[in-house]
Amino acid sequence: MQRYGLDIWSEDDFKIVGSKLHINYKSSPSIFEIVKKIRDDGNRGPILLRFPHLIKKQIDLLYESFKSSAKELNYKGDFKAVFPLKVNQFPNFINRLLSLSKEYNYGLEAGSKAELLLAIYKINQNSPILVNGFKDRELIKLAFLSAKIGQDITLTIEGIHELESIIELSKSAKGAIPKIGIRIKLHSSGVGIWAKSVGANSKFGLTSTELIEAIDMMKKHSLIEHLKMIHFHIGSQIDSIAPLKKAIKEAGNIYSDLKKMGATNLDTINLGGGLAVEYSQSKRSINYSLREYSNDVLFMLQTIAKNKNVDEPNIILESGRFVSASHAILVVPVFELFSQEYNIDLLRLKSKNPPLIDELYELYRDINKKSAREFLNDSFDHLNSIFTLFDLGYVDLIDRSNAEILTFLIMKKAVYFLKDGDLAHLYGIKDHIQEKYLMNFSLFQSMADFWGLKQHFPIMPLSKLDEKPTHSANLWDITCDSDGEVSFNEDEPLYLHHVDLKNEEYFIGIFKLGAYQEVLGMRHNLFAHPSEATIIIDNKGYKIENFQESLSLIDILSELNYDSAKLKSKFNDLIKNNKDLDSDKKDKFRSLFEVLINENSYLKTID
Ligand SMILES: Cc1ncc(COP(=O)(O)O)c(C=O)c1O
């Protein structure tokens with residue numbers, strides 16, 4: 001049976017029971033059953049399901065791993081972590097994240113003014129706020145206010161001019177001021193498709209010359225005791241540990257030298273984010289485990305600290321993808337199948353056909369279990385020859401259509417004869433003709449990194465998992481854009497089932513969408529964020545909480561600053577002034593309009 005690479009990517013979060021995919025936690029409900037329940041309440045279209053237990057699992061793993069490594073190595077520094085808000089700022093995620101992580105004093109990282117405001121609002125008491133990214137005086141003032149109200153906030157400077165503003169504001173500040181961090185520009189190179197965060201030409205951080213200048217400035221203005229942290233980030237989705245090790249060596253030595261230069265309160269290295277998530281369904285793509293990561297980090301920093309005779313630094317991690325990706329699954333209903341379903345009645349054979357057509361007909365007539373593979377390959381060759389002859393003008397459209405129909409019918413018979421053989425055999429055939437599944441979602445809205453970066457996300461059906469999936473699948477979204485397609489990819493092949501959508505529902509799950517995708521999602525074609533629900537699972541069953549429907553049509557336009565009152569009154573005026581409609585019809589159309597504009601943007605299943 002097809003397992004869709006579950007053993008590679010799912011980290012035991014899911015399991016197949018019978019024909020369905022289940023959540024592998026406590027009462028283990030099937031995702032299909034959860035979705036049916038939400039749909040029974042009249043909801044249609046794609047649904048984003050959030051599973052808070054998967055957020056908790058990742059946070060526990062992170063802290064436990066560093067705790068165990070520290071114990072094993074007798075490492076003296078502390079371990080802290082913050083969630084980088086850029087990865088997911090949605091309230092139904094952030095609220096759960098913060099309530100589930102209180103015991104750890106898990107903090108937040110902000111990279112803009114709005115994110116800082118969110119951090120100030122949401123941070124748990126005694127948990128740290130880190131501020132990265134470019135800053136103006138207003139942002140720095142906001143950070144000073146946060147320090148004044150007693151929050152543990154660190155401003156990480158990205159350039160000397162930011163330090164100048166901090167110095168200036170600290171002169172007039174009475175009482176607490178923010179801690180200071182410095183982002184260092186590493187010469188080590190980054191890794192992966194998000195690797196541009198380091199290197200001499202990277203956007204961020206201070207060079208060694210600027211670092212020395214910054215230390216001098218802080219000493220001169222009596223701010224040096226506030227310098228607590230240095231920071232680097234070598235890129236997201238680090239699939240190999242080697243570049244991280246290199247960066248740690250560099251950062252560890254910078255840390256030690258800055259301490260020797262008088263930064264006596266400097267006690268923390270912030271390693272940024274980057275812990276990778278396994279997205280592949282075909283082969284492992286990450287060459288380290290979390291435990292290896294924490295062991296390597298602590299061991300290397302311990303060695304450097306010993307050699308340079310400084311205290312072992314505290315560690316802060318800003319892992320976002322690792323913490324949030326797995327908690328969100330998009331469940332997408334298949335809306336329609338676009339098959340090239342031909343039958344024999346469609347053939348328009350002539351009294352005299354081109355010889356290749358006659359041969360195709362014989363292949364179709366004589367194919368059997370033994371000859372299936374050979375005849376099928378012959379039919380593909382014949383079809384290609386007919387295409388060439390058509391382009392040269394030697395056969396006509398009717399011949400071409402006959403060749404397409406016959407090849408399809410041969411393929412269908414071959415699949416029947418070979419269905420008891422191994423799947424690889426069958427797939428070799430089906431890859432030639434792919435089934436198109438029209439999926440009720442927007443790829444631009446829900447998996448932006450697939451569109452922008454060809455990032456693969458695990459995809460699998462939620463039912464029929466006890467049946468052989470025989471169709472090589474092309475997934476089409478419902479936007480009017482040819483990029484809105486997950487086309488069949490031989491490196492990550494997706495095979496789906498034959499479904500009779502008139503009589504059964506077929507849902508596809510797209511997994512690990514909890515990091516970056518929601519906020520990167522675009523309203524291309526004006527498809528809004530999908531409806532969402534939070535699923536709380538316990539030993540007895542599960543609860544559906546925080547159901548939030550996707551924006552209505554009228555609200556989508558209002559958010560673009562169209563005047564919804566004017567829109568409605570224009571429609572009503574047009575109805576009022578229409579002389580062909582009687583008053584009953586006018587009332588009927590007005591109420592129908594009101595209903596339709598309050599629906600969301602996704603398609604409703606025809607039922
Ligand atoms: C400075 C910084 N910290 C943390 C992160 C989060 O990285 P990730 O989600 O890969 O853990 C990023 C993202 O690129 C970042 O730029």
# chains A, B, ... in the order shown; residues from 1 in each chain; ligands from 1
>>> residues_near_ligand(ligand="ligand 1", cutoff="6 Å", atoms="only C-alpha atoms and all ligand atoms", output="ChimeraX atom specification")
/A:84,233,235-237,272-275,318-321
>>> select_by_dssp(residues="range 78-255 of chain A", states="alpha helix (DSSP H)", output="MDAnalysis selection string")
chainID A and resid 91:100 113:122 137:148 160:172 208:220 242:255
>>> closest_residue(among="A:Asp296, A:His529, A:Pro91, A:His221", to="Lys171 in chain A", atoms="only C-alpha atoms")
A:His221
>>> atom_distance(atom1="CA of Asp257 in chain A", atom2="CA of Lys220 in chain A")
18.5 Å
>>> residues_around(residues="Asn88 in chain A", least_positions_apart="2", cutoff="8 Å", atoms="only C-alpha atoms", output="MDAnalysis selection string")
chainID A and resid 84:86 90 93:94 324 514:516 518:519
>>> write_last_selection(atoms="N, CA, C and O atoms", output="PDB file, in the first residue's frame")
ATOM      1  N   PRO A  84      10.042  33.456  16.417  1.00  0.00           N
ATOM      2  CA  PRO A  84      10.103  34.602  15.510  1.00  0.00           C
ATOM      3  C   PRO A  84       8.729  34.864  14.900  1.00  0.00           C
ATOM      4  O   PRO A  84       8.193  34.026  14.164  1.00  0.00           O
ATOM      5  N   LEU A  85       8.161  36.006  15.223  1.00  0.00           N
ATOM      6  CA  LEU A  85       6.770  36.262  14.821  1.00  0.00           C
ATOM      7  C   LEU A  85       6.569  36.245  13.311  1.00  0.00           C
ATOM      8  O   LEU A  85       5.474  35.952  12.835  1.00  0.00           O
ATOM      9  N   LYS A  86       7.623  36.554  12.564  1.00  0.00           N
ATOM     10  CA  LYS A  86       7.447  36.562  11.098  1.00  0.00           C
ATOM     11  C   LYS A  86       6.963  35.207  10.570  1.00  0.00           C
ATOM     12  O   LYS A  86       6.370  35.121   9.517  1.00  0.00           O
ATOM     13  N   PHE A  90      -0.627  34.580  13.280  1.00  0.00           N
ATOM     14  CA  PHE A  90      -2.086  34.439  13.380  1.00  0.00           C
ATOM     15  C   PHE A  90      -2.520  34.139  14.820  1.00  0.00           C
ATOM     16  O   PHE A  90      -1.909  33.313  15.503  1.00  0.00           O
ATOM     17  N   PHE A  93      -2.891  30.703  16.331  1.00  0.00           N
ATOM     18  CA  PHE A  93      -1.617  30.009  16.565  1.00  0.00           C
ATOM     19  C   PHE A  93      -0.899  30.620  17.765  1.00  0.00           C
ATOM     20  O   PHE A  93      -0.520  29.922  18.710  1.00  0.00           O
ATOM     21  N   ILE A  94      -0.714  31.940  17.738  1.00  0.00           N
ATOM     22  CA  ILE A  94       0.098  32.611  18.769  1.00  0.00           C
ATOM     23  C   ILE A  94      -0.489  32.396  20.175  1.00  0.00           C
ATOM     24  O   ILE A  94       0.236  32.121  21.130  1.00  0.00           O
ATOM     25  N   SER A 324       6.579  25.560  14.361  1.00  0.00           N
ATOM     26  CA  SER A 324       5.202  25.824  13.908  1.00  0.00           C
ATOM     27  C   SER A 324       4.745  25.041  12.676  1.00  0.00           C
ATOM     28  O   SER A 324       3.544  24.873  12.461  1.00  0.00           O
ATOM     29  N   GLY A 514       2.256  25.302   8.643  1.00  0.00           N
ATOM     30  CA  GLY A 514       2.158  26.253   9.761  1.00  0.00           C
ATOM     31  C   GLY A 514       3.274  27.289   9.823  1.00  0.00           C
ATOM     32  O   GLY A 514       3.215  28.203  10.637  1.00  0.00           O
ATOM     33  N   ALA A 515       4.302  27.148   8.999  1.00  0.00           N
ATOM     34  CA  ALA A 515       5.405  28.120   9.040  1.00  0.00           C
ATOM     35  C   ALA A 515       5.422  28.938   7.756  1.00  0.00           C
ATOM     36  O   ALA A 515       5.473  28.379   6.658  1.00  0.00           O
ATOM     37  N   TYR A 516       5.343  30.208   7.881  1.00  0.00           N
ATOM     38  CA  TYR A 516       5.461  31.206   6.812  1.00  0.00           C
ATOM     39  C   TYR A 516       4.265  31.248   5.842  1.00  0.00           C
ATOM     40  O   TYR A 516       3.917  32.321   5.349  1.00  0.00           O
ATOM     41  N   GLU A 518       1.018  31.025   5.918  1.00  0.00           N
ATOM     42  CA  GLU A 518      -0.224  31.769   6.146  1.00  0.00           C
ATOM     43  C   GLU A 518      -0.048  33.245   5.868  1.00  0.00           C
ATOM     44  O   GLU A 518      -0.856  33.867   5.202  1.00  0.00           O
ATOM     45  N   VAL A 519       1.060  33.802   6.382  1.00  0.00           N
ATOM     46  CA  VAL A 519       1.183  35.243   6.221  1.00  0.00           C
ATOM     47  C   VAL A 519       1.774  35.618   4.858  1.00  0.00           C
ATOM     48  O   VAL A 519       1.519  36.703   4.341  1.00  0.00           O
TER      49      VAL A 519
END
>>> select_by_dssp(residues="range 433-477 of chain A", states="strand (DSSP E)", output="list in words")
Glu435, Lys436, Tyr437, Leu438, Met439, Ile459, Met460, Pro461, His471, Ser472, Ala473, Asn474, Leu475 and Trp476 of chain A
>>> residues_around(residues="Asn368 in chain A", least_positions_apart="4", cutoff="12 Å", atoms="only C-alpha atoms", output="list in words")
Glu362, Leu363, Tyr364, Ala372, Arg373, Glu374, Phe375, Leu376, Ile410, Met411, Lys412, Lys413, Ala414, Val415, Tyr416, Phe417 and Leu418 of chain A
